[in-house]
Amino acid sequence: MTDDQAETRAGSQAETRAEDRPPVTADALRERMRSAPVLAGPLPRFDPATAGPEPGQVFARWLAHALDDGVPEPHVMTLSTADAAGRPSARVLMLRGIDLDGLAFDFASDAASRKGRELADRPYAALSWYWPAHGRQIRVTGPVETLDRATARRDFLARREASRVAGFTGVMSAPMEGRAAYEEARRRATEHIAAHPDDVPEGHTVYRLAAEEAEFWQGAPAQGHVRLRYTRDPAAPGGWTRGLLWP
């Protein structure tokens with residue numbers, strides 16, 4: 001038996017076992033959620049008085065702390081957008097770059113994807129990070145701009161081969177006929193990348209969100225959660241005002 005055959009057989013057996021189990025009820029899930037630990041700690045402390053007048057270094061220190069402590073995927077974030085009618089959608093993607101001085105964040109997508117279309121209609125978005133091991137959340141909102149094609153090209157060509165193959169596989173967010181269609185599209189994309197390693201999908205786009213507001217949330221069940229918000233204000237020293245929020 002090949003590795004692929006073994007993997008397929010194991011997957012089928014897992015699906016069969018799942019189908020044999022009794023249905024999961026909402027009440028059972030509710031009880032399990034209530035008993036699941038939240039902010040179990042130990043959690044780092046956060047003193048807003050030492051945070052400084054600008055949010056860039058707060059973000060940098062929190063992200064560096066998460067990386068130092070081995071927090072899983074701390075560069076992964078949730079991007080929230082809205083369509084022309086104001087209906088929101090959210091998805092998880094990777095942070096591609098940071099401007100700490102201006103507090104701006106780069107991410108990439110295909111312009112034809114749902115988020116790309118929504119950003120074309122409403123170029124304003126929110127980003128959020130949550131690191132359970134530290135009990136920390138970061139939330140930023142602001143306008144989004146499209147960066148130049150040279151930036152998009154550098155971003156795409158710097159990716160691993162599997163990611164570049166994915167960029168040429170089908171049309172992001174479009175309906176898919178089935179797994180066989182995906183496998184065929186991926187095969188063609190793999191051949192394309194091998195033959196044309198410097199090609200970049202036409203729709204590949206890098207976006208930049210310039211934060212107008214940034215909030216740092218530190219969980220502290222025993223002492224009360226800490227929320228520190230920065231709001232962009234060109235008239236303020238350093239370009240930001242800051243203040244605490246009720247938990």
# chains A, B, ... in the order shown; residues from 1 in each chain; ligands from 1
call {"tool": "residues_around", "arguments": {"residues": "region 190-199 of chain A", "least_positions_apart": "2", "cutoff": "10 Å", "atoms": "only C-alpha atoms", "output": "PyMOL selection string"}}
result
chain A and resi 153+156-157+161-162+164-169+184-188+201-202
call {"tool": "residues_around", "arguments": {"residues": "region 102-106 of chain A", "least_positions_apart": "2", "cutoff": "6 Å", "atoms": "only C-alpha atoms", "output": "list in words"}}
result
Gly56, Arg96, Gly97, Ile98, Asp99, Leu100, Tyr207, Arg208, Leu209, Ala210 and Ala211 of chain A
call {"tool": "residues_around", "arguments": {"residues": "Tyr124 (chain A)", "least_positions_apart": "4", "cutoff": "6 Å", "atoms": "only C-alpha atoms", "output": "CSV table (one decimal) with N, CA and C atoms, in the first residue's frame"}}
result
chain,number,residue,atom,x,y,z
A,142,GLY,N,-9.0,50.9,10.2
A,142,GLY,CA,-8.5,52.0,9.4
A,142,GLY,C,-8.7,51.8,8.0
A,143,PRO,N,-8.4,52.8,7.2
A,143,PRO,CA,-8.6,52.7,5.7
A,143,PRO,C,-7.5,51.8,5.1
A,144,VAL,N,-7.9,51.3,4.0
A,144,VAL,CA,-7.0,50.3,3.3
A,144,VAL,C,-6.7,50.8,1.9
call {"tool": "closest_residue", "arguments": {"among": "A:Arg32, A:Arg179, A:His225, A:Arg154", "to": "Thr205 (chain A)", "atoms": "only C-alpha atoms"}}
result
A:Arg154
call {"tool": "select_by_dssp", "arguments": {"residues": "region 27-123 of chain A", "states": "alpha helix (DSSP H)", "output": "ChimeraX atom specification"}}
result
/A:27-35,56-68,114-121
call {"tool": "closest_residue", "arguments": {"among": "A:Leu29, A:Val92, A:Leu79, A:Ala84", "to": "Ala125 (chain A)", "atoms": "only C-alpha atoms"}}
result
A:Leu79
call {"tool": "decode", "arguments": {"residues": "region 203-238 of chain A", "atoms": "N, CA and C atoms", "output": "compact mmCIF listing (two decimals), in the first residue's frame"}}
result
# COMPACT_ATOMS: atom_id res chain seq x y z
N GLY A 203 -4.13 38.96 -10.49
CA GLY A 203 -4.90 39.58 -9.42
C GLY A 203 -4.20 39.65 -8.08
N HIS A 204 -2.99 39.08 -7.97
CA HIS A 204 -2.32 39.08 -6.67
C HIS A 204 -2.05 40.52 -6.23
N THR A 205 -2.52 40.85 -5.04
CA THR A 205 -2.50 42.23 -4.57
C THR A 205 -2.04 42.29 -3.12
N VAL A 206 -1.24 43.28 -2.80
CA VAL A 206 -0.87 43.55 -1.41
C VAL A 206 -1.61 44.81 -0.97
N TYR A 207 -2.29 44.69 0.16
CA TYR A 207 -3.06 45.79 0.72
C TYR A 207 -2.37 46.30 1.99
N ARG A 208 -2.61 47.56 2.31
CA ARG A 208 -2.06 48.15 3.54
C ARG A 208 -3.16 48.86 4.31
N LEU A 209 -3.35 48.43 5.55
CA LEU A 209 -4.29 49.10 6.45
C LEU A 209 -3.51 50.06 7.33
N ALA A 210 -3.86 51.34 7.26
CA ALA A 210 -3.25 52.37 8.12
C ALA A 210 -4.15 52.58 9.33
N ALA A 211 -3.69 52.19 10.50
CA ALA A 211 -4.53 52.21 11.69
C ALA A 211 -4.94 53.63 12.07
N GLU A 212 -6.23 53.82 12.27
CA GLU A 212 -6.75 55.05 12.85
C GLU A 212 -7.04 54.85 14.34
N GLU A 213 -7.21 53.60 14.72
CA GLU A 213 -7.48 53.25 16.11
C GLU A 213 -6.81 51.91 16.40
N ALA A 214 -6.25 51.78 17.57
CA ALA A 214 -5.62 50.53 17.99
C ALA A 214 -5.94 50.28 19.45
N GLU A 215 -6.38 49.09 19.76
CA GLU A 215 -6.70 48.73 21.14
C GLU A 215 -5.89 47.51 21.56
N PHE A 216 -5.33 47.58 22.76
CA PHE A 216 -4.56 46.48 23.34
C PHE A 216 -5.32 45.98 24.57
N TRP A 217 -5.68 44.71 24.55
CA TRP A 217 -6.52 44.11 25.59
C TRP A 217 -5.73 43.02 26.29
N GLN A 218 -5.55 43.19 27.59
CA GLN A 218 -4.84 42.20 28.38
C GLN A 218 -5.79 41.55 29.38
N GLY A 219 -5.97 40.25 29.24
CA GLY A 219 -6.82 39.53 30.18
C GLY A 219 -6.18 39.45 31.56
N ALA A 220 -6.99 39.69 32.58
CA ALA A 220 -6.53 39.61 33.97
C ALA A 220 -7.74 39.34 34.85
N PRO A 221 -8.24 38.09 34.86
CA PRO A 221 -9.51 37.81 35.55
C PRO A 221 -9.55 38.26 37.00
N ALA A 222 -8.44 38.09 37.73
CA ALA A 222 -8.46 38.41 39.16
C ALA A 222 -8.44 39.92 39.40
N GLN A 223 -7.73 40.68 38.57
CA GLN A 223 -7.59 42.12 38.79
C GLN A 223 -8.49 42.96 37.89
N GLY A 224 -9.10 42.35 36.89
CA GLY A 224 -9.88 43.10 35.91
C GLY A 224 -9.07 43.30 34.64
N HIS A 225 -9.69 43.02 33.50
CA HIS A 225 -9.00 43.13 32.23
C HIS A 225 -8.57 44.58 31.98
N VAL A 226 -7.47 44.72 31.24
CA VAL A 226 -6.92 46.03 30.92
C VAL A 226 -7.15 46.30 29.44
N ARG A 227 -7.74 47.46 29.13
CA ARG A 227 -7.96 47.87 27.74
C ARG A 227 -7.38 49.25 27.53
N LEU A 228 -6.42 49.34 26.63
CA LEU A 228 -5.78 50.61 26.32
C LEU A 228 -6.03 50.92 24.84
N ARG A 229 -6.64 52.06 24.57
CA ARG A 229 -6.96 52.43 23.20
C ARG A 229 -6.17 53.66 22.77
N TYR A 230 -5.61 53.56 21.56
CA TYR A 230 -4.95 54.69 20.91
C TYR A 230 -5.83 55.15 19.75
N THR A 231 -5.98 56.45 19.61
CA THR A 231 -6.75 57.02 18.50
C THR A 231 -5.87 58.04 17.78
N ARG A 232 -5.81 57.91 16.47
CA ARG A 232 -4.95 58.81 15.70
C ARG A 232 -5.49 60.25 15.79
N ASP A 233 -4.58 61.19 16.07
CA ASP A 233 -4.94 62.60 16.20
C ASP A 233 -3.75 63.42 15.74
N PRO A 234 -3.79 63.97 14.53
CA PRO A 234 -2.63 64.72 14.02
C PRO A 234 -2.23 65.89 14.91
N ALA A 235 -3.16 66.40 15.71
CA ALA A 235 -2.84 67.56 16.55
C ALA A 235 -2.15 67.16 17.85
N ALA A 236 -2.16 65.86 18.17
CA ALA A 236 -1.59 65.41 19.44
C ALA A 236 -0.09 65.15 19.29
N PRO A 237 0.68 65.27 20.37
CA PRO A 237 2.11 64.93 20.32
C PRO A 237 2.28 63.47 19.88
N GLY A 238 3.09 63.25 18.85
CA GLY A 238 3.28 61.90 18.34
C GLY A 238 2.18 61.43 17.42
